[in-house]
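Report on the following structure.
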Amino acid sequence: MPALYRRTLIPLINIDLHCHSTFSDGVLPPDQLIARARSREVTALALTDHDETGGLMAAQTAAREHGIILINGVEISVTWRGHTVHIVGLGIDPADPQLQAGLAATRTGRTRRARRIATALDELGIRGSYEGAQQFADNPEIVGRTHFARFLVQQGIVKDVHTAFKRYLGNSQPGHVPHQWAALSDAVQWINSGGGVAVIAHPGRYPLSTAEMNELLAEFRDSGGGAMEVVSGSHRPQQYMVFGELARRYGLAASSGSDFHSPQESRHDLGGLPALPAGCMPVWEKFALIERASALRPLPA
Ligand code: AMP
Ligand code: MN
Ligand code: MN
Ligand code: MN
């Protein structure tokens with residue numbers, strides 16, 4: 001990376017490449033999300049709804065009005081060796097037929113899973129959760145665990161969304177149902193077909209051994225993956241260096257994203273994360289973003 005770039009541009013641009021709207025499990029509609037990003041001085045934002053690109057058009061319109069750059073994104077759920085892993089696609093063409101077919105199939109599986117989660121909660125004596133979760137889901141095709149979690153909070157069964165995952169919906173909790181998502185290489189291929197860059201989301205969240213993490217990264221890269229999240233709302237600051245080093249070792253670019261869902265629920269707000277550690281190749285260099293970002297915010301004299 002040219003030294004000039006690091007010294008002059010990084011402090012001037014604030015890039016957040018991972019967040020959610022009401023088209024998946026975020027609480028803000030795309031236009032409000034963009035307005036919030038603008039008020040928080042975000043220069044470029046990627047909207048990355050789960051398995052869904054329906055919010056991008058409204059987000060692009062709002063981004064033009066607010067003068068921020070909107071990267072078309074998505075976050076695809078995949079299953080790798082029995083683990084759920086999330087693959088973000090950045091700079092995708094939402095009209096790509098192969099990408100859309102893959103996302104549609106993923107959404108169908110999600111709806112089936114929601115029924116099974118409701119059955120599991122029924123067996124625990126928690127009734128009406130399918131309809132209850134639907135109430136919190138603006139997009140009926142994307143009913144996810146977050147919507148069930150909000151229902152459990154509304155019913156007074158748990159005090160907050162985090163506790164709902166800890167007691168009911170998280171891995172190996174009684175309301176958790178195993179689900180087979182897309183294959184890793186398929187999701188990467190859909191993203192590449194749509195002209196995007198595939199990014200491993202929040203790698204620090206997966207309960208993988210060191211050997212498994214290395215195998216995941218090698219397989220991801222060999223399937224055509226291009227980047228991984230190094231700075232993430234799900235990572236502790238000590239993990240930024242660890243994943244920065246892994247990205248470098250596997251020749252992957254580095255991404256940064258808050259994974260913002262809600263002002264009430266999210267630990268990190270839009271654009272609230274620090275810069276990438278030195279030595280990382282920023283993924284946004286792949287989108288020729290730099291000129292546009294610096295045009296929006298002129299360098300000080
Ligand atoms: P799903 O794709 O339906 O399995 O839901 C996954 C989503 O649940 C993630 O994208 C997060 O928004 C949310 N989530 C997962 N684990 C937790 C947790 N421990 N606390 C709060 N939200 C969580
Ligand atoms: Mn989510
Ligand atoms: Mn995720
Ligand atoms: Mn996410």
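In the structure tokens, chains take the letters A, B, ... in the order shown, each chain's residues start at 1, and ligands count up from 1 in the order shown.
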I'd like the contact shell of segment 77-89 of chain A - 10 Å cut-off, only C-alpha atoms, skipping same-chain residues fewer than 3 positions apart - returned as a ChimeraX atom specification. /A:17-18,46-51,71-74,92-93,103,106-107,110,171,178-188,190-192,194-203,205-208,212,216,220,225-229,255
Name the residues of segment 183-266 of chain A that come out as strand (DSSP E) in a backbone DSSP run; write them as a count of residues only. 16
Can you pull out every residue within 12 Å of segment 56-60 of chain A, counting only C-alpha atoms, but drop anything in the same chain fewer than 5 positions away, and send it as a VMD selection string? chain A and resid 19 to 24 28 to 37 44 to 49 65 to 74 90 to 95
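Across A:Asp16, A:Asp25, A:Glu41, A:Glu245, the tightest approach to Arg150 of chain A is made by A:Asp25 when counting only C-alpha atoms.
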What's around segment 130-141 of chain A at 10 Å? Count only C-alpha atoms, leave out sequence neighbours fewer than 2 positions away in its own chain, and write the answer as number ranges by chain. A: 21-27, 29, 51-52, 54, 104, 106-111, 114-119, 121-122, 127-128, 143-152, 154-155
Of A:Ser258, A:Asn214, A:Gln98, A:Ser223, the one sitting nearest ligand 3 when using only C-alpha atoms and all ligand atoms is A:Ser258
Using only C-alpha atoms, which of A:Gly244, A:Gly251, A:Pro263, A:Gly224 sits nearest Ala278 of chain A?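 Comparing A:Gly244, A:Gly251, A:Pro263, A:Gly224 against Ala278 of chain A, the winner is A:Gly244.
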Could you find all residues in segment 144-261 of chain A that DSSP calls alpha helix (DSSP H) from the backbone, and write them as a ChimeraX atom specification? /A:145-154,161-164,184-193,210-222,237-249
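The smallest atom-to-atom distance between ligand 2 and any of A:Glu265, A:Met281, A:Phe287, A:Tyr168, using only C-alpha atoms and all ligand atoms, is found for A:Glu265.
Closest approach to ligand 3 among A:His235, A:Met213, A:Ile76, A:Ser256 is made by A:Ile76 (distances from only C-alpha atoms and all ligand atoms).
Using only C-alpha atoms and all ligand atoms, the shortest contact distance between ligand 4 and any of A:Phe260, A:Asp269, A:Gly279, A:Phe165 is found at A:Phe260.
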For the atom pair atom CA of Trp284 of chain A and atom CA of Asn14 of chain A, what is the interatomic distance in Å to one decimal place?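 Answer for the atom CA of Trp284 of chain A to atom CA of Asn14 of chain A separation: 11.4 Å.
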To one decimal place in Å, what is the distance between atom CA of Val158 of chain A and atom 11 (C, counted along the ligand's line) of ligand 1?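 That distance, rounded to one decimal, is 16.6 Å.
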Give me, please, the distance in Å between atom CA of Gln264 of chain A and atom CA of Val161 of chain A, quoted to one decimal. 9.9 Å
